[in-house]
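Working notes, structure below.
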Amino acid sequence: MIRHTVAFRLKHPRGSSEEQSFLDAGKALGDIPGVERFEQLNQVSPKNDFHFGYSMEFADQQAYHDYNVHPVHVAYVRDRWIPEVEDFLEIDYTALD
């Protein structure tokens, strides 16, 4: 299992309609085949400067690869993520044995 996580901060003002539009569009990522346990998260710790997070799981490396090249993911990254995200940190985990 691979847990894919990303913490991010948008260029949009907090609470804006643009922010909500970005998050609404991101929900489509959870419908991509192979995505399990998709969550959109609100970051609440004062220990970092990110505002939101996405978390999802994949059964294996092939499912994760298929997600990365899926047209919905590619379009979201191109059309929304690159122009609207100010900063992010992506971390992919596998369980320690």
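Naming scheme: A, B, ... for chains in displayed order of the structure tokens; residues 1 onward per chain; ligands 1 onward as shown.
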- Message: Excluding Ala25 of chain A and its own-chain neighbours fewer than 2 positions away, which residues fall within 12 Å of it when counting only C-alpha atoms? Please give them as a PyMOL selection string.
- Response: chain A and resi 18-23+27-31+40+72-73+75-77+79-81+84
Generate a file of the selected residues that holds C-alpha atoms, formatted as a CSV table (one decimal), in the first residue's frame.
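Final output, selection.csv:
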```
chain,number,residue,atom,x,y,z
A,18,GLU,CA,-11.5,30.8,-5.8
A,19,GLU,CA,-10.2,28.7,-2.9
A,20,GLN,CA,-13.5,26.8,-2.8
A,21,SER,CA,-13.5,26.3,-6.5
A,22,PHE,CA,-10.0,24.8,-6.4
A,23,LEU,CA,-11.1,22.4,-3.5
A,27,LYS,CA,-12.7,16.2,-5.4
A,28,ALA,CA,-12.6,14.6,-8.8
A,29,LEU,CA,-9.2,13.1,-7.9
A,30,GLY,CA,-11.0,10.7,-5.5
A,31,ASP,CA,-13.0,9.3,-8.4
A,40,GLN,CA,-9.3,16.7,1.6
A,72,VAL,CA,-8.2,13.8,-14.8
A,73,HIS,CA,-5.1,14.0,-12.6
A,75,ALA,CA,-5.6,18.0,-16.3
A,76,TYR,CA,-5.9,19.0,-12.6
A,77,VAL,CA,-2.2,19.5,-12.2
A,79,ASP,CA,-5.0,23.6,-15.2
A,80,ARG,CA,-5.4,24.1,-11.4
A,81,TRP,CA,-2.4,23.0,-9.4
A,84,GLU,CA,-3.1,28.2,-8.2
```
- Step one, run DSSP on the backbone; step two, keep only residues of chain A assigned to helix (DSSP H, G or I); then write them as a ChimeraX atom specification. /A:17-31,61-69,71-84
Residue selection dump (C-alpha atoms) as a CSV table (one decimal), in the first residue's frame:
```csv
chain,number,residue,atom,x,y,z
A,17,SER,CA,-14.7,31.6,-3.9
A,18,GLU,CA,-11.5,30.8,-5.8
A,19,GLU,CA,-10.2,28.7,-2.9
A,20,GLN,CA,-13.5,26.8,-2.8
A,21,SER,CA,-13.5,26.3,-6.5
A,22,PHE,CA,-10.0,24.8,-6.4
A,23,LEU,CA,-11.1,22.4,-3.5
A,24,ASP,CA,-14.3,21.5,-5.3
A,25,ALA,CA,-12.4,20.6,-8.5
A,26,GLY,CA,-10.0,18.5,-6.4
A,27,LYS,CA,-12.7,16.2,-5.4
A,28,ALA,CA,-12.6,14.6,-8.8
A,29,LEU,CA,-9.2,13.1,-7.9
A,30,GLY,CA,-11.0,10.7,-5.5
A,31,ASP,CA,-13.0,9.3,-8.4
A,61,GLN,CA,2.9,1.0,-7.3
A,62,GLN,CA,1.0,0.2,-10.5
A,63,ALA,CA,-2.2,1.8,-9.1
A,64,TYR,CA,-0.2,4.9,-8.1
A,65,HIS,CA,1.4,5.1,-11.5
A,66,ASP,CA,-2.0,4.8,-13.2
A,67,TYR,CA,-3.3,7.6,-11.1
A,68,ASN,CA,-0.4,9.9,-12.0
A,69,VAL,CA,-1.0,9.5,-15.7
A,71,PRO,CA,-6.2,12.3,-17.7
A,72,VAL,CA,-8.2,13.8,-14.8
A,73,HIS,CA,-5.1,14.0,-12.6
A,74,VAL,CA,-2.9,15.4,-15.5
A,75,ALA,CA,-5.6,18.0,-16.3
A,76,TYR,CA,-5.9,19.0,-12.6
A,77,VAL,CA,-2.2,19.5,-12.2
A,78,ARG,CA,-1.9,21.4,-15.4
A,79,ASP,CA,-5.0,23.6,-15.2
A,80,ARG,CA,-5.4,24.1,-11.4
A,81,TRP,CA,-2.4,23.0,-9.4
A,82,ILE,CA,0.4,24.7,-11.2
A,83,PRO,CA,-1.4,28.0,-11.6
A,84,GLU,CA,-3.1,28.2,-8.2
```
- Task: Give me the residues within 10 Å of Arg37 of chain A as a ChimeraX atom specification, counting only C-alpha atoms and dropping any in the same chain fewer than 6 places off.
- Result: /A:3,30,55-58
Saved selection, atoms kept: C-alpha atoms, as a short mmCIF file (atom, residue, chain, number, x, y, z; two decimals), in the first residue's frame:
```cif
data_model
loop_
_atom_site.label_atom_id
_atom_site.label_comp_id
_atom_site.auth_asym_id
_atom_site.auth_seq_id
_atom_site.Cartn_x
_atom_site.Cartn_y
_atom_site.Cartn_z
CA ARG A 3 -0.21 6.53 1.04
CA GLY A 30 -11.05 10.73 -5.50
CA SER A 55 -4.42 12.17 1.33
CA MET A 56 -5.17 8.99 -0.60
CA GLU A 57 -4.07 5.39 -0.75
CA PHE A 58 -3.17 3.01 -3.55
#
```
- Residue contacts of Ile91 of chain A (9 Å, only C-alpha atoms) excluding same-chain residues fewer than 5 positions away, as a list in words: Arg3, His4, Thr5, Val6 and Ala7 of chain A
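The residue set within 12 Å of Leu96 of chain A, counting only C-alpha atoms and dropping same-chain residues fewer than 3 places from it, reads Met1, Ile2 and Tyr93 of chain A.
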- Query: Which residues, written as a PyMOL selection string, have at least one atom at most 7 Å from Gln43 of chain A, with only C-alpha atoms counted and residues fewer than 4 positions away on the same chain left out?
  - Reply: chain A and resi 50-53
- Message: Report, in Å to a single decimal, how far apart atom CA of Ile32 of chain A and atom CA of Ser16 of chain A are.
- Response: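 Going from atom CA of Ser16 of chain A over to atom CA of Ile32 of chain A, I get 26.7 Å.
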